[in-house]
>>> print(open('entry_38.txt').read())   # compact mmCIF, C-alpha atoms
# COMPACT_ATOMS: atom_id res chain seq x y z
CA MET A 255 -49.59 38.35 0.80
CA ALA A 256 -48.20 39.08 -2.61
CA SER A 257 -50.70 40.13 -5.21
CA LEU A 258 -51.67 37.85 -8.07
CA LYS A 259 -49.78 39.88 -10.60
CA GLU A 260 -46.62 39.82 -8.49
CA LEU A 261 -46.81 36.06 -8.18
CA LYS A 262 -47.34 35.64 -11.90
CA ASP A 263 -44.32 37.77 -12.64
CA ARG A 264 -42.16 35.81 -10.24
CA ILE A 265 -43.21 32.52 -11.74
CA SER A 266 -42.34 33.65 -15.22
CA SER A 267 -39.00 35.03 -14.04
CA VAL A 268 -38.07 31.77 -12.34
CA LYS A 269 -39.16 29.91 -15.44
CA SER A 270 -36.80 31.86 -17.63
CA THR A 271 -33.98 31.29 -15.14
CA GLN A 272 -34.71 27.61 -15.33
CA LYS A 273 -34.48 27.75 -19.09
CA ILE A 274 -30.99 29.24 -18.82
CA THR A 275 -29.71 26.74 -16.28
CA LYS A 276 -31.20 23.89 -18.26
CA ALA A 277 -29.49 25.07 -21.43
CA LYS A 278 -26.17 25.50 -19.64
CA GLN A 279 -26.51 22.04 -18.19
CA MET A 280 -27.00 20.49 -21.58
CA VAL A 281 -24.10 22.41 -23.06
CA ALA A 282 -21.88 21.25 -20.20
CA ALA A 283 -22.99 17.67 -20.63
CA ALA A 284 -22.12 17.78 -24.31
CA LYS A 285 -18.75 19.40 -23.69
CA LEU A 286 -17.99 17.12 -20.78
CA LYS A 287 -17.77 14.06 -22.96
CA LYS A 288 -15.15 15.60 -25.18
CA ALA A 289 -13.18 17.13 -22.34
CA GLN A 290 -13.26 13.91 -20.37
CA ALA A 291 -12.01 11.91 -23.34
CA ALA A 292 -9.19 14.41 -23.84
CA ALA A 293 -8.21 14.31 -20.18
CA GLU A 294 -8.23 10.55 -20.08
CA ALA A 295 -6.30 10.24 -23.34
CA ALA A 296 -3.59 12.47 -21.94
CA ARG A 297 -3.12 10.49 -18.76
CA PRO A 298 -0.92 7.69 -20.16
CA TYR A 299 1.65 10.15 -21.44
CA ALA A 300 1.81 12.09 -18.20
CA GLU A 301 2.01 8.90 -16.17
CA ARG A 302 4.79 7.39 -18.28
CA MET A 303 6.61 10.68 -18.18
CA GLU A 304 6.33 10.73 -14.41
CA GLN A 305 7.72 7.19 -14.19
CA VAL A 306 10.65 7.99 -16.42
CA MET A 307 11.29 11.24 -14.58
CA SER A 308 11.29 9.77 -11.13
CA SER A 309 13.49 6.84 -12.10
CA LEU A 310 15.90 9.25 -13.77
CA ALA A 311 15.78 11.72 -10.91
CA SER A 312 16.71 9.08 -8.36
CA LYS A 313 19.73 8.01 -10.41
CA VAL A 314 21.32 11.33 -11.07
CA SER A 315 23.43 12.76 -8.31
CA ILE A 316 22.74 16.37 -7.47
CA SER A 317 25.59 18.71 -8.20
CA ASP A 318 26.06 22.32 -9.18
CA GLN A 319 25.52 21.42 -12.77
CA THR A 320 22.21 19.72 -12.17
CA PRO A 321 19.49 21.65 -13.94
CA LYS A 322 17.50 23.92 -11.64
CA LEU A 323 14.27 22.31 -12.76
CA LEU A 324 15.34 19.13 -11.04
CA ALA A 325 17.38 20.31 -8.11
CA GLY A 326 15.76 23.66 -7.42
CA THR A 327 17.79 26.74 -6.63
CA GLY A 328 19.01 25.34 -3.36
CA LYS A 329 16.83 27.78 -1.44
CA SER A 330 13.16 27.75 -0.64
CA ASP A 331 12.46 31.38 0.18
CA THR A 332 10.09 32.30 -2.58
CA HIS A 333 7.25 29.99 -3.50
CA LEU A 334 5.37 30.38 -6.73
CA LEU A 335 1.84 29.04 -6.70
CA VAL A 336 0.57 28.26 -10.16
CA VAL A 337 -3.20 28.31 -9.87
CA ALA A 338 -5.18 27.00 -12.82
CA THR A 339 -8.86 27.96 -12.84
CA SER A 340 -11.54 28.29 -15.48
CA ASP A 341 -12.55 31.39 -17.39
CA ARG A 342 -16.25 31.10 -16.84
CA GLY A 343 -18.51 30.90 -13.87
CA LEU A 344 -21.74 28.94 -13.48
CA CYS A 345 -19.88 25.88 -12.35
CA GLY A 346 -20.64 25.69 -8.68
CA ALA A 347 -17.78 25.66 -6.21
CA PHE A 348 -15.27 24.51 -8.82
CA ASN A 349 -13.07 27.60 -8.86
CA ALA A 350 -13.63 28.31 -5.18
CA ASN A 351 -12.30 24.87 -4.28
CA ILE A 352 -9.10 25.30 -6.26
CA VAL A 353 -8.50 28.73 -4.83
CA LYS A 354 -9.21 27.44 -1.35
CA GLU A 355 -6.60 24.73 -1.78
CA ALA A 356 -4.10 27.35 -2.93
CA ARG A 357 -4.92 29.64 -0.01
CA ILE A 358 -4.37 26.89 2.53
CA LYS A 359 -0.95 26.28 1.02
CA ALA A 360 -0.21 29.99 0.88
CA GLU A 361 -1.11 30.43 4.55
CA ASP A 362 1.10 27.50 5.50
CA LEU A 363 4.02 28.92 3.59
CA LYS A 364 3.48 32.41 4.97
CA ALA A 365 3.37 31.07 8.50
CA ALA A 366 6.72 29.44 7.80
CA GLY A 367 8.09 32.83 6.78
CA LYS A 368 8.23 32.21 3.03
CA LYS A 369 7.42 34.69 0.34
CA VAL A 370 4.45 33.66 -1.76
CA ILE A 371 3.75 34.81 -5.29
CA PHE A 372 1.08 33.70 -7.73
CA TYR A 373 0.99 32.71 -11.36
CA LEU A 374 -2.54 32.40 -12.63
CA ILE A 375 -3.89 30.40 -15.51
CA GLY A 376 -7.50 31.29 -16.24
CA LYS A 377 -9.58 34.25 -15.17
CA LYS A 378 -11.69 33.17 -12.26
CA GLY A 379 -9.03 32.88 -9.59
CA ARG A 380 -7.88 36.42 -10.03
CA PRO A 381 -10.43 38.50 -8.09
CA VAL A 382 -10.19 36.42 -4.93
CA ILE A 383 -6.43 36.10 -4.90
CA ASN A 384 -6.00 39.75 -5.72
CA ARG A 385 -8.17 40.67 -2.75
CA VAL A 386 -6.57 38.35 -0.23
CA TYR A 387 -2.98 38.75 -1.37
CA PRO A 388 -2.79 42.14 -3.06
CA ASN A 389 0.20 42.80 -5.33
CA SER A 390 1.45 39.25 -5.27
CA ILE A 391 0.17 38.15 -8.66
CA GLU A 392 3.25 37.68 -10.73
CA HIS A 393 1.65 36.90 -14.03
CA HIS A 394 -1.72 36.00 -15.47
CA TYR A 395 -1.80 33.63 -18.41
CA ASP A 396 -4.94 34.40 -20.37
CA THR A 397 -6.77 31.32 -21.57
CA SER A 398 -10.03 32.98 -22.53
CA GLU A 399 -9.19 32.61 -26.23
CA ILE A 400 -8.44 28.92 -25.85
CA LYS A 401 -11.38 26.61 -26.23
CA ASN A 402 -9.64 23.29 -25.96
CA PRO A 403 -6.23 23.40 -24.32
CA HIS A 404 -3.49 22.40 -26.70
CA TYR A 405 -0.07 21.09 -25.85
CA ASP A 406 1.53 24.18 -27.36
CA ASP A 407 -0.26 26.39 -24.83
CA ALA A 408 1.09 24.31 -21.99
CA LYS A 409 4.53 24.49 -23.56
CA GLU A 410 4.32 28.27 -23.63
CA VAL A 411 3.47 28.35 -19.93
CA ALA A 412 6.25 25.91 -19.14
CA GLU A 413 8.82 27.96 -21.06
CA ASP A 414 7.70 31.07 -19.25
CA LEU A 415 8.00 29.32 -15.88
CA ASN A 416 11.44 28.05 -16.78
CA ALA A 417 12.60 31.52 -17.77
CA ARG A 418 11.35 32.90 -14.48
CA LEU A 419 13.14 30.17 -12.58
CA GLU A 420 16.39 30.91 -14.40
CA ALA A 421 15.94 34.58 -13.61
CA GLY A 422 15.65 33.67 -9.95
CA ASP A 423 12.10 34.92 -9.49
CA PHE A 424 11.19 31.95 -7.33
CA ASP A 425 12.67 28.84 -5.76
CA VAL A 426 9.83 26.38 -5.50
CA ALA A 427 6.74 26.05 -7.67
CA TRP A 428 3.41 24.44 -6.85
CA LEU A 429 0.64 23.64 -9.24
CA PHE A 430 -3.02 23.79 -8.31
CA TYR A 431 -5.78 22.32 -10.41
CA SER A 432 -8.80 20.13 -10.11
CA LYS A 433 -8.49 16.46 -10.93
CA PHE A 434 -11.42 15.00 -12.78
CA LYS A 435 -12.81 11.91 -11.09
CA SER A 436 -16.37 11.88 -12.34
CA ALA A 437 -19.05 14.36 -13.27
CA LEU A 438 -19.94 14.55 -9.58
CA VAL A 439 -16.50 14.47 -8.00
CA GLN A 440 -13.59 16.76 -8.76
CA GLU A 441 -10.64 16.85 -6.45
CA PRO A 442 -8.57 19.96 -6.02
CA GLN A 443 -4.91 19.01 -6.25
CA ALA A 444 -1.69 20.54 -5.03
CA GLN A 445 1.35 19.25 -6.83
CA GLN A 446 4.97 20.20 -6.51
CA LEU A 447 6.26 21.24 -9.92
CA ILE A 448 9.76 22.52 -9.30
CA PRO A 449 11.99 20.98 -8.14
CA VAL A 450 10.79 17.63 -9.41
CA PRO A 451 9.96 15.45 -6.43
CA ALA A 452 12.44 12.56 -6.39
CA GLY A 453 11.04 9.10 -7.00
CA ASP A 454 10.87 6.59 -4.21
CA GLU A 455 13.76 4.21 -3.64
CA GLU A 456 11.95 1.10 -4.82
CA ASN A 457 11.36 2.55 -8.20
CA ALA A 458 15.05 3.21 -8.59
CA LYS A 459 16.10 -0.27 -7.58
CA SER A 460 13.73 -2.13 -9.84
CA THR A 461 15.30 -0.81 -13.03
CA VAL A 462 18.50 -2.58 -13.98
CA ALA A 463 21.45 -1.17 -15.82
CA VAL A 464 20.09 1.14 -18.44
CA GLU A 465 22.03 2.48 -21.34
CA TYR A 466 21.60 6.18 -21.89
CA GLU A 467 21.87 7.80 -25.21
CA PRO A 468 23.38 10.42 -25.34
CA ASP A 469 23.92 10.47 -21.56
CA GLU A 470 21.93 11.01 -18.40
CA THR A 471 22.52 14.72 -18.03
CA GLU A 472 21.63 15.51 -21.61
CA ILE A 473 18.51 13.42 -21.45
CA LEU A 474 17.54 15.21 -18.27
CA GLU A 475 18.10 18.57 -19.88
CA GLU A 476 15.75 17.66 -22.65
CA LEU A 477 13.20 15.88 -20.57
CA LEU A 478 12.82 18.33 -17.71
CA PRO A 479 11.24 21.18 -19.65
CA ARG A 480 9.05 18.68 -21.43
CA ASN A 481 7.96 17.16 -18.17
CA LEU A 482 7.01 20.60 -16.91
CA ALA A 483 4.93 21.24 -20.02
CA VAL A 484 3.26 17.86 -19.72
CA GLN A 485 2.31 18.49 -16.11
CA VAL A 486 0.85 21.88 -16.97
CA PHE A 487 -0.94 20.38 -19.94
CA ARG A 488 -2.42 17.68 -17.79
CA ALA A 489 -3.59 20.28 -15.28
CA MET A 490 -5.27 22.22 -18.09
CA LEU A 491 -7.06 19.17 -19.46
CA GLU A 492 -8.15 17.88 -16.09
CA ASN A 493 -9.39 21.35 -15.29
CA THR A 494 -11.43 21.60 -18.47
CA ALA A 495 -13.09 18.27 -17.79
CA SER A 496 -13.67 19.12 -14.12
CA GLU A 497 -15.13 22.48 -15.02
CA GLN A 498 -17.70 20.91 -17.32
CA GLY A 499 -18.50 18.24 -14.76
CA ALA A 500 -18.93 20.76 -11.97
CA SER A 501 -20.95 22.97 -14.23
CA MET A 502 -23.25 20.15 -15.23
CA THR A 503 -23.88 19.15 -11.61
CA ALA A 504 -24.37 22.72 -10.45
CA MET A 505 -26.77 23.49 -13.28
CA ASP A 506 -28.69 20.29 -12.70
CA ASN A 507 -29.22 21.32 -9.10
CA ALA A 508 -30.19 24.81 -10.12
CA THR A 509 -32.71 23.50 -12.63
CA ARG A 510 -34.24 21.26 -10.02
CA ASN A 511 -34.40 24.03 -7.44
CA ALA A 512 -36.05 26.29 -9.95
CA GLY A 513 -38.60 23.55 -10.62
CA GLU A 514 -39.42 23.28 -6.92
CA LEU A 515 -39.70 27.02 -6.62
CA ILE A 516 -42.07 27.16 -9.57
CA GLU A 517 -44.23 24.46 -8.01
CA ASP A 518 -44.43 26.29 -4.68
CA LEU A 519 -45.19 29.57 -6.37
CA THR A 520 -47.86 28.01 -8.54
CA ILE A 521 -49.59 26.54 -5.51
CA GLU A 522 -49.46 29.88 -3.79
CA TYR A 523 -50.77 31.57 -6.93
CA ASN A 524 -53.69 29.18 -7.23
CA ARG A 525 -54.49 29.55 -3.56
CA SER A 526 -54.63 33.31 -3.70
CA ARG A 527 -56.63 33.17 -6.93
CA GLN A 528 -59.18 30.90 -5.24
CA ALA A 529 -59.29 33.13 -2.18
CA ALA A 530 -60.01 36.08 -4.44
CA ILE A 531 -62.83 34.21 -6.18
CA THR A 532 -64.33 33.14 -2.88
CA THR A 533 -64.26 36.66 -1.55
CA GLU A 534 -65.96 37.91 -4.70
CA LEU A 535 -68.68 35.24 -4.45
CA VAL A 536 -69.29 36.00 -0.78
CA GLU A 537 -69.66 39.63 -1.69
CA ILE A 538 -72.17 38.90 -4.44
CA ILE A 539 -74.21 36.45 -2.34
CA SER A 540 -74.36 38.65 0.72
CA GLY A 541 -75.30 41.55 -1.56
CA ALA A 542 -78.18 39.49 -3.00
CA GLU A 543 -79.32 38.41 0.43
CA ALA A 544 -79.48 41.99 1.65
CA LEU A 545 -82.10 42.71 -1.02
CA MET B 341 8.72 -13.19 -30.75
CA ALA B 342 6.71 -10.13 -30.21
CA LEU B 343 7.77 -6.78 -28.97
CA HIS B 344 5.28 -4.71 -27.07
CA PHE B 345 5.35 -1.31 -28.67
CA GLU B 346 3.62 1.80 -27.38
CA ILE B 347 3.67 5.29 -28.75
CA VAL B 348 2.10 8.09 -26.75
CA THR B 349 1.71 11.76 -27.51
CA PRO B 350 0.62 14.42 -25.03
CA GLU B 351 -2.83 14.23 -26.58
CA LYS B 352 -3.37 10.50 -26.51
CA LEU B 353 -2.11 6.95 -26.52
CA LEU B 354 -1.59 6.48 -30.23
CA ARG B 355 -0.59 2.82 -30.50
CA SER B 356 -0.27 -0.08 -28.18
CA GLU B 357 0.42 -3.30 -30.03
CA GLU B 358 2.66 -6.32 -30.48
CA VAL B 359 5.09 -5.98 -33.34
CA HIS B 360 8.16 -7.73 -34.65
CA MET B 361 10.66 -4.92 -34.73
CA VAL B 362 10.79 -1.16 -34.49
CA VAL B 363 13.55 1.03 -35.87
CA VAL B 364 13.85 4.15 -33.77
CA PRO B 365 15.54 7.35 -34.97
CA GLY B 366 17.76 7.96 -31.95
CA ILE B 367 19.73 11.15 -31.55
CA GLU B 368 22.99 9.28 -32.12
CA GLY B 369 21.71 7.14 -34.94
CA ASP B 370 18.92 4.76 -35.76
CA PHE B 371 18.60 1.62 -33.74
CA GLY B 372 16.38 -1.38 -34.14
CA VAL B 373 14.53 -2.79 -31.19
CA LEU B 374 13.58 -6.45 -31.10
CA GLU B 375 12.11 -8.41 -28.29
CA ASN B 376 14.32 -8.66 -25.16
CA HIS B 377 16.36 -5.66 -26.13
CA MET B 378 18.52 -4.31 -23.34
CA PRO B 379 17.15 -1.31 -21.43
CA VAL B 380 17.88 1.94 -23.20
CA MET B 381 16.77 5.50 -22.80
CA SER B 382 17.33 7.74 -25.73
CA THR B 383 16.15 11.04 -27.04
CA LEU B 384 14.87 11.09 -30.59
CA ARG B 385 15.63 13.32 -33.48
CA GLU B 386 13.12 14.27 -36.10
CA GLY B 387 12.54 11.27 -38.31
CA ASP B 388 10.57 8.18 -39.13
CA ILE B 389 9.86 5.37 -36.75
CA GLN B 390 9.72 2.18 -38.80
CA VAL B 391 7.36 -0.42 -37.51
CA TYR B 392 7.74 -3.99 -38.79
CA ALA B 393 4.57 -5.85 -37.92
CA SER B 394 6.21 -9.19 -38.82
CA ALA B 395 9.65 -10.29 -39.99
CA ASN B 396 8.94 -10.01 -43.73
CA ALA B 397 6.38 -7.27 -43.72
CA SER B 398 7.30 -3.96 -45.28
CA PRO B 399 7.75 -1.29 -42.65
CA GLU B 400 5.14 1.26 -41.73
CA ALA B 401 6.53 4.71 -41.08
CA ILE B 402 5.39 7.03 -38.34
CA ARG B 403 6.94 10.45 -38.47
CA VAL B 404 7.87 12.01 -35.14
CA GLU B 405 9.23 15.45 -34.39
CA GLY B 406 11.41 14.86 -31.42
CA GLY B 407 10.62 12.75 -28.44
CA PHE B 408 11.98 10.14 -26.15
CA ALA B 409 12.26 6.36 -26.26
CA GLU B 410 12.48 4.01 -23.36
CA VAL B 411 13.16 0.30 -23.68
CA ASN B 412 12.63 -1.80 -20.60
CA GLU B 413 11.69 -5.38 -19.85
CA LYS B 414 8.08 -4.61 -20.73
CA GLY B 415 8.83 -3.34 -24.20
CA LEU B 416 9.37 -0.14 -26.06
CA THR B 417 7.65 3.09 -25.11
CA ILE B 418 7.98 6.17 -27.23
CA LEU B 419 7.00 9.51 -25.77
CA ALA B 420 6.62 11.60 -28.88
CA GLU B 421 6.33 15.34 -28.85
CA LYS B 422 4.46 15.46 -32.13
CA VAL B 423 3.42 12.74 -34.48
CA VAL B 424 2.62 13.15 -38.14
CA GLU B 425 0.62 10.12 -39.21
CA ASP B 426 1.55 8.64 -42.54
CA GLU B 427 -0.85 9.64 -45.28
CA ALA B 428 -1.45 6.03 -46.27
CA ALA B 429 -2.08 4.88 -42.71
>>> encode(input="entry_38.txt", output="structure tokens")
Amino acid sequence: MASLKELKDRISSVKSTQKITKAKQMVAAAKLKKAQAAAEAARPYAERMEQVMSSLASKVSISDQTPKLLAGTGKSDTHLLVVATSDRGLCGAFNANIVKEARIKAEDLKAAGKKVIFYLIGKKGRPVINRVYPNSIEHHYDTSEIKNPHYDDAKEVAEDLNARLEAGDFDVAWLFYSKFKSALVQEPQAQQLIPVPAGDEENAKSTVAVEYEPDETEILEELLPRNLAVQVFRAMLENTASEQGASMTAMDNATRNAGELIEDLTIEYNRSRQAAITTELVEIISGAEAL
Amino acid sequence: MALHFEIVTPEKLLRSEEVHMVVVPGIEGDFGVLENHMPVMSTLREGDIQVYASANASPEAIRVEGGFAEVNEKGLTILAEKVVEDEAA
């Protein structure tokens, strides 16, 4: 059995751990509100953009002149997986889930004989992906300086992706992030970024004759890069909210576990303290009796 | 006699209201949108969107830096890249 001093030390160490997790939980809860509001505020734009994109995409016939962002390169040999993770830990399985989703996709693609490369946003995905798929990280976009994702950051990423596409670095791009559902539930998502998935037929039929100004191709040329940026931006915002949610839940659990541990340890401590007192008393009494 | 007018930026849904008329700075020239306008998709140039809350009201200007307007049977939706809110607003 552990000595009294050992137990006391353990209790105080668990207590200070609990203080940390508690603090982190409260910080996450405070940040969550803001991040959630930002993510929700950004949804209308992304949704409208998606509607417009898919109705446009189903109307434009694919030809050689069609922008690569819409039609792809015509091949599907090299797949770029854009994996957005957070920069900090202490958020439970949040990053692990996103990376897992990406790995499943990567394995699928590899089994089909495709080449898989990675484009990372955020720090935490890097170690795992680097270990499992060495030398396949194409680029790492550092977000550690960014507290709240801004549209301009997403635009930068989108421009970079576009440049890589034009340079023929990849044929198909996938985006991985975690969709924020609630503080308890975050869903890892896999979304096809490039080429833009064509809208369903119904959507195309429902819209009547639309006048385009200047014309369809020019609108597409302007909208496609913006759509890309918007999708990346949405991923960033959803990720930020999800991270805080996951962090809050994980830290809440940790705080509770620490509480239980402290209780158990305290009981054990009291028990051994009592045992020590009893032993001492027995010693004294039997000593007195011997006289 | 009301046009449903929405303006969204990547950050948030800025406005969603019923107005009388909106003058949109399209890339090929300004155009006014009233209720039951025919469907149009147009890119925007940098300029002011003029919102007329009612027929005789003086317009309220919202400055946009590029964007995209879509008119459909539901109304007018503007996807703005960046919006500079009027000082007075």
>>> residues_near_point(input="entry_38.txt", point="(-6.7, 23.3, -25.1)", cutoff="10 Å", atoms="all atoms listed in the file", output="list in words")
Ala289, Ala292, Thr397, Glu399, Ile400, Lys401, Asn402, Pro403, His404, Tyr405, Asp406, Asp407, Ala408, Phe487, Met490, Leu491 and Thr494 of chain A; Glu351 of chain B
>>> closest_residue(input="entry_38.txt", among="A:Cys345, A:Leu438, A:Leu324, A:Val306", to="chain B", atoms="all atoms listed in the file")
A:Val306
>>> residues_around(input="entry_38.txt", residues="Lys377 (chain A)", least_positions_apart="6", cutoff="9 Å", atoms="only C-alpha atoms", output="PyMOL selection string")
chain A and resi 338-342+394-398
>>> residues_around(input="entry_38.txt", residues="Leu261 (chain A)", least_positions_apart="5", cutoff="9 Å", atoms="all atoms listed in the file", output="PyMOL selection string")
chain A and resi 256+266+519-520+522-523
>>> interface_residues(input="entry_38.txt", of="chain A", to="chain B", cutoff="10 Å", atoms="all atoms listed in the file", output="number ranges by chain")
A: 291-300, 302-303, 306, 310, 404-405, 461-470, 472-474, 476-477, 480, 483-485, 487-488, 491
>>> closest_residue(input="entry_38.txt", among="A:Asp362, A:Ser432, A:Met502, A:Arg357", to="Asn384 (chain A)", atoms="only C-alpha atoms")
A:Arg357
>>> closest_residue(input="entry_38.txt", among="B:Asn376, B:Glu386, B:Gly406, B:Val391", to="Met361 (chain B)", atoms="all atoms listed in the file")
B:Val391
>>> atom_distance(input="entry_38.txt", atom1="CA of Gly346 (chain A)", atom2="CA of Glu497 (chain A)")
9.0 Å
>>> residues_around(input="entry_38.txt", residues="Ile389 (chain B)", least_positions_apart="4", cutoff="6 Å", atoms="all atoms listed in the file", output="JSON, numbers by chain")
{"B": [363, 364, 401, 402]}
>>> atom_distance(input="entry_38.txt", atom1="CA of Phe430 (chain A)", atom2="CA of Gln498 (chain A)")
17.5 Å
>>> atom_distance(input="entry_38.txt", atom1="CA of Lys378 (chain A)", atom2="CA of Asn349 (chain A)")
6.7 Å
